[in-house]
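K.L.:
If it helps, the file is called work-v1.pdb and holds PDB, C-alpha atoms, pLDDT in the B column:
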```
ATOM      1  CA  TYR A   1     -38.829  18.500   4.119  1.00 52.00           C
ATOM      2  CA  SER A   2     -36.384  21.193   5.154  1.00 57.00           C
ATOM      3  CA  MET A   3     -39.089  23.847   5.114  1.00 58.00           C
ATOM      4  CA  TYR A   4     -40.747  22.378   8.205  1.00 57.00           C
ATOM      5  CA  SER A   5     -38.299  19.922   9.767  1.00 64.00           C
ATOM      6  CA  SER A   6     -37.010  20.942  13.165  1.00 70.00           C
ATOM      7  CA  GLY A   7     -33.457  22.231  12.944  1.00 70.00           C
ATOM      8  CA  ALA A   8     -33.540  22.700   9.157  1.00 66.00           C
ATOM      9  CA  THR A   9     -36.191  25.365   8.603  1.00 64.00           C
ATOM     10  CA  SER A  10     -33.603  27.942   7.550  1.00 67.00           C
ATOM     11  CA  GLU A  11     -32.280  25.612   4.794  1.00 64.00           C
ATOM     12  CA  ASN A  12     -33.844  25.250   1.364  1.00 61.00           C
ATOM     13  CA  TYR A  13     -31.962  22.327  -0.222  1.00 68.00           C
ATOM     14  CA  LEU A  14     -33.435  23.294  -3.616  1.00 74.00           C
ATOM     15  CA  ARG A  15     -36.940  23.061  -2.224  1.00 75.00           C
ATOM     16  CA  GLY A  16     -39.779  25.444  -2.835  1.00 79.00           C
ATOM     17  CA  VAL A  17     -43.510  25.921  -3.076  1.00 83.00           C
ATOM     18  CA  GLN A  18     -45.383  26.523  -6.309  1.00 88.00           C
ATOM     19  CA  VAL A  19     -49.013  27.097  -7.117  1.00 89.00           C
ATOM     20  CA  ALA A  20     -50.441  25.126 -10.036  1.00 90.00           C
ATOM     21  CA  ASP A  21     -51.898  27.026 -12.966  1.00 91.00           C
ATOM     22  CA  ALA A  22     -55.512  26.677 -14.164  1.00 90.00           C
ATOM     23  CA  ALA A  23     -54.587  23.437 -15.953  1.00 90.00           C
ATOM     24  CA  GLY A  24     -53.109  22.001 -12.754  1.00 88.00           C
ATOM     25  CA  GLU A  25     -49.537  22.261 -14.023  1.00 92.00           C
ATOM     26  CA  VAL A  26     -46.337  23.491 -12.421  1.00 91.00           C
ATOM     27  CA  SER A  27     -42.897  23.879 -13.912  1.00 91.00           C
ATOM     28  CA  PHE A  28     -39.556  24.743 -12.398  1.00 89.00           C
ATOM     29  CA  THR A  29     -35.899  24.934 -13.281  1.00 89.00           C
ATOM     30  CA  THR A  30     -33.379  23.045 -11.175  1.00 89.00           C
ATOM     31  CA  VAL A  31     -30.150  21.080 -11.330  1.00 90.00           C
ATOM     32  CA  PHE A  32     -30.168  17.370 -12.102  1.00 94.00           C
ATOM     33  CA  PRO A  33     -30.247  15.460  -8.803  1.00 93.00           C
ATOM     34  CA  GLY A  34     -27.177  13.564  -7.696  1.00 92.00           C
ATOM     35  CA  CYS A  35     -27.361   9.874  -6.908  1.00 94.00           C
ATOM     36  CA  TYR A  36     -26.571   9.107  -3.299  1.00 90.00           C
ATOM     37  CA  SER A  37     -25.787   5.736  -1.778  1.00 92.00           C
ATOM     38  CA  GLY A  38     -28.768   3.405  -1.714  1.00 92.00           C
ATOM     39  CA  ARG A  39     -31.150   5.579  -3.747  1.00 94.00           C
ATOM     40  CA  TRP A  40     -31.847   5.967  -7.448  1.00 96.00           C
ATOM     41  CA  ALA A  41     -31.733   9.534  -8.798  1.00 95.00           C
ATOM     42  CA  HIS A  42     -35.038  11.207  -7.963  1.00 95.00           C
ATOM     43  CA  ILE A  43     -36.901  14.405  -7.183  1.00 93.00           C
ATOM     44  CA  HIS A  44     -39.434  14.450  -4.342  1.00 90.00           C
ATOM     45  CA  PHE A  45     -42.714  16.313  -4.530  1.00 89.00           C
ATOM     46  CA  GLU A  46     -45.777  16.816  -2.391  1.00 88.00           C
ATOM     47  CA  VAL A  47     -49.214  18.101  -3.397  1.00 90.00           C
ATOM     48  CA  PHE A  48     -51.283  20.249  -1.053  1.00 89.00           C
ATOM     49  CA  ARG A  49     -54.650  21.974  -1.381  1.00 87.00           C
ATOM     50  CA  SER A  50     -53.267  25.387  -0.441  1.00 88.00           C
ATOM     51  CA  VAL A  51     -50.033  27.337  -0.010  1.00 88.00           C
ATOM     52  CA  ALA A  52     -50.786  27.637   3.721  1.00 88.00           C
ATOM     53  CA  GLN A  53     -50.929  23.847   4.067  1.00 88.00           C
ATOM     54  CA  ALA A  54     -47.790  23.447   1.966  1.00 85.00           C
ATOM     55  CA  THR A  55     -45.742  25.878   4.020  1.00 82.00           C
ATOM     56  CA  SER A  56     -46.904  24.269   7.267  1.00 81.00           C
ATOM     57  CA  GLY A  57     -46.241  20.757   5.951  1.00 74.00           C
ATOM     58  CA  ASN A  58     -49.685  19.544   6.978  1.00 77.00           C
ATOM     59  CA  ASN A  59     -52.339  17.577   5.111  1.00 83.00           C
ATOM     60  CA  ASP A  60     -50.557  16.672   1.895  1.00 86.00           C
ATOM     61  CA  ILE A  61     -52.811  14.856  -0.541  1.00 87.00           C
ATOM     62  CA  ARG A  62     -49.977  13.249  -2.504  1.00 86.00           C
ATOM     63  CA  THR A  63     -46.319  12.575  -1.726  1.00 85.00           C
ATOM     64  CA  SER A  64     -44.211  10.941  -4.378  1.00 89.00           C
ATOM     65  CA  GLN A  65     -41.104  11.327  -6.460  1.00 93.00           C
ATOM     66  CA  LEU A  66     -40.069  11.166 -10.062  1.00 94.00           C
ATOM     67  CA  ALA A  67     -37.288   8.998 -11.425  1.00 96.00           C
ATOM     68  CA  PHE A  68     -35.015   9.279 -14.441  1.00 97.00           C
ATOM     69  CA  ALA A  69     -33.962   6.604 -16.931  1.00 97.00           C
ATOM     70  CA  GLN A  70     -30.523   5.086 -16.361  1.00 97.00           C
ATOM     71  CA  GLU A  71     -29.098   6.359 -19.662  1.00 97.00           C
ATOM     72  CA  ILE A  72     -30.030   9.950 -18.742  1.00 97.00           C
ATOM     73  CA  CYS A  73     -28.475   9.594 -15.288  1.00 97.00           C
ATOM     74  CA  ALA A  74     -25.299   8.058 -16.716  1.00 97.00           C
ATOM     75  CA  ALA A  75     -24.917  10.885 -19.259  1.00 97.00           C
ATOM     76  CA  VAL A  76     -25.274  13.553 -16.569  1.00 97.00           C
ATOM     77  CA  TYR A  77     -23.000  11.780 -14.098  1.00 97.00           C
ATOM     78  CA  ALA A  78     -20.246  11.588 -16.708  1.00 96.00           C
ATOM     79  CA  THR A  79     -19.942  15.402 -16.467  1.00 95.00           C
ATOM     80  CA  SER A  80     -18.110  17.392 -13.816  1.00 92.00           C
ATOM     81  CA  GLY A  81     -19.911  18.248 -10.616  1.00 90.00           C
ATOM     82  CA  TYR A  82     -21.315  14.808  -9.883  1.00 93.00           C
ATOM     83  CA  THR A  83     -18.446  13.197  -7.993  1.00 89.00           C
ATOM     84  CA  GLY A  84     -19.649   9.886  -6.592  1.00 94.00           C
ATOM     85  CA  SER A  85     -22.987   9.806  -8.409  1.00 95.00           C
ATOM     86  CA  ALA A  86     -21.821   7.487 -11.216  1.00 96.00           C
ATOM     87  CA  GLY A  87     -20.463   5.017  -8.667  1.00 96.00           C
ATOM     88  CA  ASN A  88     -23.619   5.199  -6.582  1.00 96.00           C
ATOM     89  CA  LEU A  89     -25.772   4.658  -9.681  1.00 97.00           C
ATOM     90  CA  ALA A  90     -23.715   1.577 -10.599  1.00 96.00           C
ATOM     91  CA  GLN A  91     -24.552   0.044  -7.207  1.00 96.00           C
ATOM     92  CA  ILE A  92     -28.327   0.504  -7.354  1.00 96.00           C
ATOM     93  CA  SER A  93     -31.208  -0.351  -9.649  1.00 96.00           C
ATOM     94  CA  LEU A  94     -34.796   0.744  -9.680  1.00 96.00           C
ATOM     95  CA  ALA A  95     -35.704  -2.780  -8.577  1.00 95.00           C
ATOM     96  CA  SER A  96     -33.370  -2.626  -5.560  1.00 96.00           C
ATOM     97  CA  ASP A  97     -34.195   0.962  -4.525  1.00 95.00           C
ATOM     98  CA  ASN A  98     -36.220   0.817  -1.291  1.00 91.00           C
ATOM     99  CA  ILE A  99     -38.876   3.187  -2.668  1.00 92.00           C
ATOM    100  CA  PHE A 100     -39.049   2.395  -6.392  1.00 94.00           C
ATOM    101  CA  SER A 101     -38.781  -1.378  -5.858  1.00 94.00           C
ATOM    102  CA  ASP A 102     -42.563  -1.685  -5.500  1.00 92.00           C
ATOM    103  CA  GLY A 103     -43.056  -0.264  -8.988  1.00 92.00           C
ATOM    104  CA  PHE A 104     -41.811   2.843 -10.718  1.00 94.00           C
ATOM    105  CA  SER A 105     -43.638   3.036 -14.037  1.00 93.00           C
ATOM    106  CA  LEU A 106     -45.956   5.823 -12.818  1.00 92.00           C
ATOM    107  CA  GLN A 107     -42.988   7.758 -11.402  1.00 95.00           C
ATOM    108  CA  MET A 108     -40.679   7.582 -14.442  1.00 96.00           C
ATOM    109  CA  ALA A 109     -40.307  11.009 -16.005  1.00 96.00           C
ATOM    110  CA  SER A 110     -40.424  11.467 -19.769  1.00 97.00           C
ATOM    111  CA  VAL A 111     -37.200  13.281 -20.614  1.00 97.00           C
ATOM    112  CA  THR A 112     -36.148  15.224 -23.681  1.00 97.00           C
ATOM    113  CA  GLY A 113     -32.970  17.202 -24.336  1.00 97.00           C
ATOM    114  CA  SER A 114     -29.292  16.560 -23.777  1.00 97.00           C
ATOM    115  CA  VAL A 115     -26.466  17.198 -21.373  1.00 96.00           C
ATOM    116  CA  SER A 116     -25.268  20.134 -23.463  1.00 95.00           C
ATOM    117  CA  SER A 117     -28.655  21.813 -23.988  1.00 96.00           C
ATOM    118  CA  GLY A 118     -30.320  20.748 -20.751  1.00 95.00           C
ATOM    119  CA  TYR A 119     -33.136  18.330 -20.095  1.00 96.00           C
ATOM    120  CA  GLN A 120     -36.859  18.756 -19.754  1.00 96.00           C
ATOM    121  CA  ALA A 121     -38.578  16.153 -17.607  1.00 96.00           C
ATOM    122  CA  THR A 122     -42.341  15.692 -17.596  1.00 95.00           C
ATOM    123  CA  LEU A 123     -44.494  13.605 -15.284  1.00 94.00           C
ATOM    124  CA  GLN A 124     -48.268  13.519 -15.217  1.00 93.00           C
ATOM    125  CA  VAL A 125     -49.551  12.795 -11.719  1.00 90.00           C
ATOM    126  CA  GLY A 126     -53.133  11.925 -10.923  1.00 85.00           C
ATOM    127  CA  VAL A 127     -54.471  13.503  -7.751  1.00 83.00           C
ATOM    128  CA  ALA A 128     -57.873  12.566  -6.361  1.00 75.00           C
ATOM    129  CA  GLY A 129     -59.734  14.280  -3.601  1.00 61.00           C
TER     130      GLY A 129
END
```
Will you turn the file into structure tokens for me?

P.N.:
Amino acid sequence: YSMYSSGATSENYLRGVQVADAAGEVSFTTVFPGCYSGRWAHIHFEVFRSVAQATSGNNDIRTSQLAFAQEICAAVYATSGYTGSAGNLAQISLASDNIFSDGFSLQMASVTGSVSSGYQATLQVGVAG
């Protein structure tokens, strides 16, 4: 939301805009998200019809997030650079998270890889309209 939130438009917070390919797919490289107090580890995404709409923050046709399995989160948070994330993860569950508590099966990423080689997360998202 930093791209179009008042007072934060000059920040990027690992956010960006991508255009889907002919198959409707996007891919990106990022760091594994930390786990902050009260929220399960996740990555937000929004789907727009055009780059112009995306960069203005108007008329999204889908807003959601993807989640990661607990064992993946725990493995990442056991490494350096994630101070606090392991403790935050221990205090939350997908069932108690205020967003994922209504159901998370369609938001759970399929993950392959390892801490040492990196992970690849995949999520298929249906978009109508």

K.L.:
Could you check which of A:Ala121, A:Ile99, A:Val51, A:Cys35 is closest to Tyr77 in chain A, using all atoms listed in the file?

P.N.:
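For Tyr77 in chain A, the nearest of the given residues is A:Cys35.
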
K.L.:
Quick one: of A:Gly118, A:Pro33, A:Gly7, A:Gly126, who's nearest to Thr63 in chain A, counting all atoms listed in the file?

P.N.:
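Between A:Gly118, A:Pro33, A:Gly7, A:Gly126, the residue approaching Thr63 in chain A most closely is A:Gly126.
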
K.L.:
Take every atom of range 114-123 of chain A listed in the file, pad by 5 Å on each side, and give me the axis-aligned box centre and edge lengths in Å, one decimal, as lines of an AutoDock Vina configuration file.

P.N.:
```
center_x = -34.9
center_y = 17.7
center_z = -19.6
size_x = 29.2
size_y = 18.2
size_z = 18.7
```

K.L.:
Need to verify the contact set: Ile43 in chain A, 12 Å, only C-alpha atoms, exclusion of same-chain residues closer than 3 positions in sequence. Can you return it as a ChimeraX atom specification?

P.N.:
/A:13-15,28,30-35,39-40,46,63-68,107-109,121-123

K.L.:
Go ahead and compute the interatomic distance for CA of Val111 in chain A and CA of Val26 in chain A, in Å to one decimal.

P.N.:
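CA of Val26 in chain A lies at a distance of 16.0 Å from CA of Val111 in chain A.
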
K.L.:
Run the PyMOL selection byres ((chain A and resi 76) around 12) against the file shown and list the residues it catches, as a PDB file with C-alpha atoms, keeping the file's coordinate frame.

P.N.:
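Here's the written file expr_0.pdb:
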```pdb
ATOM      1  CA  VAL A  31     -30.150  21.080 -11.330  1.00 90.00           C
ATOM      2  CA  PHE A  32     -30.168  17.370 -12.102  1.00 94.00           C
ATOM      3  CA  PRO A  33     -30.247  15.460  -8.803  1.00 93.00           C
ATOM      4  CA  GLY A  34     -27.177  13.564  -7.696  1.00 92.00           C
ATOM      5  CA  CYS A  35     -27.361   9.874  -6.908  1.00 94.00           C
ATOM      6  CA  ALA A  41     -31.733   9.534  -8.798  1.00 95.00           C
ATOM      7  CA  PHE A  68     -35.015   9.279 -14.441  1.00 97.00           C
ATOM      8  CA  ALA A  69     -33.962   6.604 -16.931  1.00 97.00           C
ATOM      9  CA  GLN A  70     -30.523   5.086 -16.361  1.00 97.00           C
ATOM     10  CA  GLU A  71     -29.098   6.359 -19.662  1.00 97.00           C
ATOM     11  CA  ILE A  72     -30.030   9.950 -18.742  1.00 97.00           C
ATOM     12  CA  CYS A  73     -28.475   9.594 -15.288  1.00 97.00           C
ATOM     13  CA  ALA A  74     -25.299   8.058 -16.716  1.00 97.00           C
ATOM     14  CA  ALA A  75     -24.917  10.885 -19.259  1.00 97.00           C
ATOM     15  CA  TYR A  77     -23.000  11.780 -14.098  1.00 97.00           C
ATOM     16  CA  ALA A  78     -20.246  11.588 -16.708  1.00 96.00           C
ATOM     17  CA  THR A  79     -19.942  15.402 -16.467  1.00 95.00           C
ATOM     18  CA  SER A  80     -18.110  17.392 -13.816  1.00 92.00           C
ATOM     19  CA  GLY A  81     -19.911  18.248 -10.616  1.00 90.00           C
ATOM     20  CA  TYR A  82     -21.315  14.808  -9.883  1.00 93.00           C
ATOM     21  CA  THR A  83     -18.446  13.197  -7.993  1.00 89.00           C
ATOM     22  CA  SER A  85     -22.987   9.806  -8.409  1.00 95.00           C
ATOM     23  CA  ALA A  86     -21.821   7.487 -11.216  1.00 96.00           C
ATOM     24  CA  LEU A  89     -25.772   4.658  -9.681  1.00 97.00           C
ATOM     25  CA  GLY A 113     -32.970  17.202 -24.336  1.00 97.00           C
ATOM     26  CA  SER A 114     -29.292  16.560 -23.777  1.00 97.00           C
ATOM     27  CA  VAL A 115     -26.466  17.198 -21.373  1.00 96.00           C
ATOM     28  CA  SER A 116     -25.268  20.134 -23.463  1.00 95.00           C
ATOM     29  CA  SER A 117     -28.655  21.813 -23.988  1.00 96.00           C
ATOM     30  CA  GLY A 118     -30.320  20.748 -20.751  1.00 95.00           C
ATOM     31  CA  TYR A 119     -33.136  18.330 -20.095  1.00 96.00           C
TER      32      TYR A 119
END
```

K.L.:
One decimal, in Å: what's the spacing between CA of Gly103 in chain A and CA of Phe45 in chain A?

P.N.:
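So the answer is 17.2 Å.
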
K.L.:
Give me, please, the distance in Å between CA of Gln124 in chain A and CA of Asp21 in chain A, quoted to one decimal.

P.N.:
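Result for CA of Gln124 in chain A versus CA of Asp21 in chain A: 14.2 Å, one decimal.
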
K.L.:
Report as a PDB file with C-alpha atoms, in the coordinates of the input the full result of the PyMOL selection byres ((chain A and resi 49) around 10) when it is applied to this structure.

P.N.:
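result-v9.pdb was written with the following content:
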```pdb
ATOM      1  CA  VAL A  19     -49.013  27.097  -7.117  1.00 89.00           C
ATOM      2  CA  VAL A  47     -49.214  18.101  -3.397  1.00 90.00           C
ATOM      3  CA  PHE A  48     -51.283  20.249  -1.053  1.00 89.00           C
ATOM      4  CA  SER A  50     -53.267  25.387  -0.441  1.00 88.00           C
ATOM      5  CA  VAL A  51     -50.033  27.337  -0.010  1.00 88.00           C
ATOM      6  CA  ALA A  52     -50.786  27.637   3.721  1.00 88.00           C
ATOM      7  CA  GLN A  53     -50.929  23.847   4.067  1.00 88.00           C
ATOM      8  CA  ALA A  54     -47.790  23.447   1.966  1.00 85.00           C
ATOM      9  CA  ASN A  59     -52.339  17.577   5.111  1.00 83.00           C
ATOM     10  CA  ASP A  60     -50.557  16.672   1.895  1.00 86.00           C
ATOM     11  CA  ILE A  61     -52.811  14.856  -0.541  1.00 87.00           C
ATOM     12  CA  ARG A  62     -49.977  13.249  -2.504  1.00 86.00           C
ATOM     13  CA  GLY A 129     -59.734  14.280  -3.601  1.00 61.00           C
TER      14      GLY A 129
END
```

K.L.:
Taking the file as I've supplied it (selection: the PyMOL selection byres ((chain A and resi 92) around 10)), which residues are included? Please answer as a PyMOL selection string.

P.N.:
chain A and resi 35-41+87-91+93-98

K.L.:
Kindly add all heavy atoms to the incomplete range 58-69 of chain A and provide the output as a PDB file, keeping the file's coordinate frame.

P.N.:
```
ATOM      1  N   ASN A  58     -48.560  20.341   6.494  1.00 77.00           N
ATOM      2  CA  ASN A  58     -49.685  19.544   6.978  1.00 77.00           C
ATOM      3  C   ASN A  58     -50.651  19.196   5.860  1.00 77.00           C
ATOM      4  O   ASN A  58     -50.887  19.994   4.965  1.00 77.00           O
ATOM      5  CB  ASN A  58     -50.455  20.312   8.066  1.00 77.00           C
ATOM      6  CG  ASN A  58     -49.620  20.518   9.305  1.00 77.00           C
ATOM      7  OD1 ASN A  58     -48.908  19.622   9.723  1.00 77.00           O
ATOM      8  ND2 ASN A  58     -49.705  21.705   9.877  1.00 77.00           N
ATOM      9  N   ASN A  59     -51.226  17.994   5.961  1.00 83.00           N
ATOM     10  CA  ASN A  59     -52.339  17.577   5.111  1.00 83.00           C
ATOM     11  C   ASN A  59     -52.001  17.462   3.634  1.00 83.00           C
ATOM     12  O   ASN A  59     -52.789  17.844   2.780  1.00 83.00           O
ATOM     13  CB  ASN A  59     -53.534  18.523   5.301  1.00 83.00           C
ATOM     14  CG  ASN A  59     -53.990  18.575   6.741  1.00 83.00           C
ATOM     15  OD1 ASN A  59     -54.126  17.535   7.379  1.00 83.00           O
ATOM     16  ND2 ASN A  59     -54.195  19.763   7.255  1.00 83.00           N
ATOM     17  N   ASP A  60     -50.844  16.904   3.306  1.00 86.00           N
ATOM     18  CA  ASP A  60     -50.557  16.672   1.895  1.00 86.00           C
ATOM     19  C   ASP A  60     -51.531  15.643   1.343  1.00 86.00           C
ATOM     20  O   ASP A  60     -51.965  14.744   2.060  1.00 86.00           O
ATOM     21  CB  ASP A  60     -49.112  16.233   1.682  1.00 86.00           C
ATOM     22  CG  ASP A  60     -48.786  14.901   2.335  1.00 86.00           C
ATOM     23  OD1 ASP A  60     -49.048  14.763   3.547  1.00 86.00           O
ATOM     24  OD2 ASP A  60     -48.291  14.006   1.642  1.00 86.00           O
ATOM     25  N   ILE A  61     -51.897  15.815   0.081  1.00 87.00           N
ATOM     26  CA  ILE A  61     -52.811  14.856  -0.541  1.00 87.00           C
ATOM     27  C   ILE A  61     -52.067  13.901  -1.468  1.00 87.00           C
ATOM     28  O   ILE A  61     -52.641  12.908  -1.915  1.00 87.00           O
ATOM     29  CB  ILE A  61     -53.972  15.554  -1.276  1.00 87.00           C
ATOM     30  CG1 ILE A  61     -53.484  16.540  -2.329  1.00 87.00           C
ATOM     31  CG2 ILE A  61     -54.880  16.250  -0.284  1.00 87.00           C
ATOM     32  CD1 ILE A  61     -54.592  17.166  -3.158  1.00 87.00           C
ATOM     33  N   ARG A  62     -50.809  14.171  -1.717  1.00 86.00           N
ATOM     34  CA  ARG A  62     -49.977  13.249  -2.504  1.00 86.00           C
ATOM     35  C   ARG A  62     -48.521  13.541  -2.176  1.00 86.00           C
ATOM     36  O   ARG A  62     -48.099  14.688  -2.177  1.00 86.00           O
ATOM     37  CB  ARG A  62     -50.227  13.432  -3.993  1.00 86.00           C
ATOM     38  CG  ARG A  62     -49.267  12.729  -4.918  1.00 86.00           C
ATOM     39  CD  ARG A  62     -49.558  11.277  -5.158  1.00 86.00           C
ATOM     40  NE  ARG A  62     -50.814  11.160  -5.871  1.00 86.00           N
ATOM     41  CZ  ARG A  62     -51.530  10.060  -5.901  1.00 86.00           C
ATOM     42  NH1 ARG A  62     -51.132   9.004  -5.295  1.00 86.00           N
ATOM     43  NH2 ARG A  62     -52.665  10.019  -6.558  1.00 86.00           N
ATOM     44  N   THR A  63     -47.767  12.487  -1.878  1.00 85.00           N
ATOM     45  CA  THR A  63     -46.319  12.575  -1.726  1.00 85.00           C
ATOM     46  C   THR A  63     -45.730  11.514  -2.629  1.00 85.00           C
ATOM     47  O   THR A  63     -46.141  10.358  -2.582  1.00 85.00           O
ATOM     48  CB  THR A  63     -45.879  12.303  -0.268  1.00 85.00           C
ATOM     49  OG1 THR A  63     -46.448  13.300   0.580  1.00 85.00           O
ATOM     50  CG2 THR A  63     -44.369  12.334  -0.136  1.00 85.00           C
ATOM     51  N   SER A  64     -44.814  11.897  -3.463  1.00 89.00           N
ATOM     52  CA  SER A  64     -44.211  10.941  -4.378  1.00 89.00           C
ATOM     53  C   SER A  64     -42.867  11.475  -4.833  1.00 89.00           C
ATOM     54  O   SER A  64     -42.316  12.397  -4.223  1.00 89.00           O
ATOM     55  CB  SER A  64     -45.140  10.683  -5.574  1.00 89.00           C
ATOM     56  OG  SER A  64     -44.703   9.565  -6.313  1.00 89.00           O
ATOM     57  N   GLN A  65     -42.360  10.891  -5.874  1.00 93.00           N
ATOM     58  CA  GLN A  65     -41.104  11.327  -6.460  1.00 93.00           C
ATOM     59  C   GLN A  65     -41.068  10.905  -7.911  1.00 93.00           C
ATOM     60  O   GLN A  65     -41.813  10.027  -8.322  1.00 93.00           O
ATOM     61  CB  GLN A  65     -39.925  10.769  -5.696  1.00 93.00           C
ATOM     62  CG  GLN A  65     -39.968   9.271  -5.459  1.00 93.00           C
ATOM     63  CD  GLN A  65     -39.035   8.851  -4.363  1.00 93.00           C
ATOM     64  OE1 GLN A  65     -37.897   9.251  -4.346  1.00 93.00           O
ATOM     65  NE2 GLN A  65     -39.508   8.041  -3.450  1.00 93.00           N
ATOM     66  N   LEU A  66     -40.234  11.576  -8.674  1.00 94.00           N
ATOM     67  CA  LEU A  66     -40.069  11.166 -10.062  1.00 94.00           C
ATOM     68  C   LEU A  66     -38.661  10.633 -10.249  1.00 94.00           C
ATOM     69  O   LEU A  66     -37.729  11.047  -9.563  1.00 94.00           O
ATOM     70  CB  LEU A  66     -40.398  12.304 -11.034  1.00 94.00           C
ATOM     71  CG  LEU A  66     -39.630  13.604 -10.958  1.00 94.00           C
ATOM     72  CD1 LEU A  66     -38.433  13.571 -11.887  1.00 94.00           C
ATOM     73  CD2 LEU A  66     -40.550  14.732 -11.376  1.00 94.00           C
ATOM     74  N   ALA A  67     -38.553   9.667 -11.142  1.00 96.00           N
ATOM     75  CA  ALA A  67     -37.288   8.998 -11.425  1.00 96.00           C
ATOM     76  C   ALA A  67     -36.856   9.310 -12.851  1.00 96.00           C
ATOM     77  O   ALA A  67     -37.657   9.766 -13.669  1.00 96.00           O
ATOM     78  CB  ALA A  67     -37.448   7.482 -11.263  1.00 96.00           C
ATOM     79  N   PHE A  68     -35.598   9.040 -13.128  1.00 97.00           N
ATOM     80  CA  PHE A  68     -35.015   9.279 -14.441  1.00 97.00           C
ATOM     81  C   PHE A  68     -34.430   7.980 -14.978  1.00 97.00           C
ATOM     82  O   PHE A  68     -33.895   7.176 -14.219  1.00 97.00           O
ATOM     83  CB  PHE A  68     -33.915  10.340 -14.348  1.00 97.00           C
ATOM     84  CG  PHE A  68     -34.401  11.630 -13.778  1.00 97.00           C
ATOM     85  CD1 PHE A  68     -34.292  11.898 -12.431  1.00 97.00           C
ATOM     86  CD2 PHE A  68     -35.005  12.578 -14.593  1.00 97.00           C
ATOM     87  CE1 PHE A  68     -34.754  13.079 -11.890  1.00 97.00           C
ATOM     88  CE2 PHE A  68     -35.474  13.762 -14.060  1.00 97.00           C
ATOM     89  CZ  PHE A  68     -35.354  14.011 -12.710  1.00 97.00           C
ATOM     90  N   ALA A  69     -34.509   7.803 -16.285  1.00 97.00           N
ATOM     91  CA  ALA A  69     -33.962   6.604 -16.931  1.00 97.00           C
ATOM     92  C   ALA A  69     -32.451   6.529 -16.707  1.00 97.00           C
ATOM     93  O   ALA A  69     -31.762   7.548 -16.609  1.00 97.00           O
ATOM     94  CB  ALA A  69     -34.272   6.623 -18.420  1.00 97.00           C
TER      95      ALA A  69
END
```
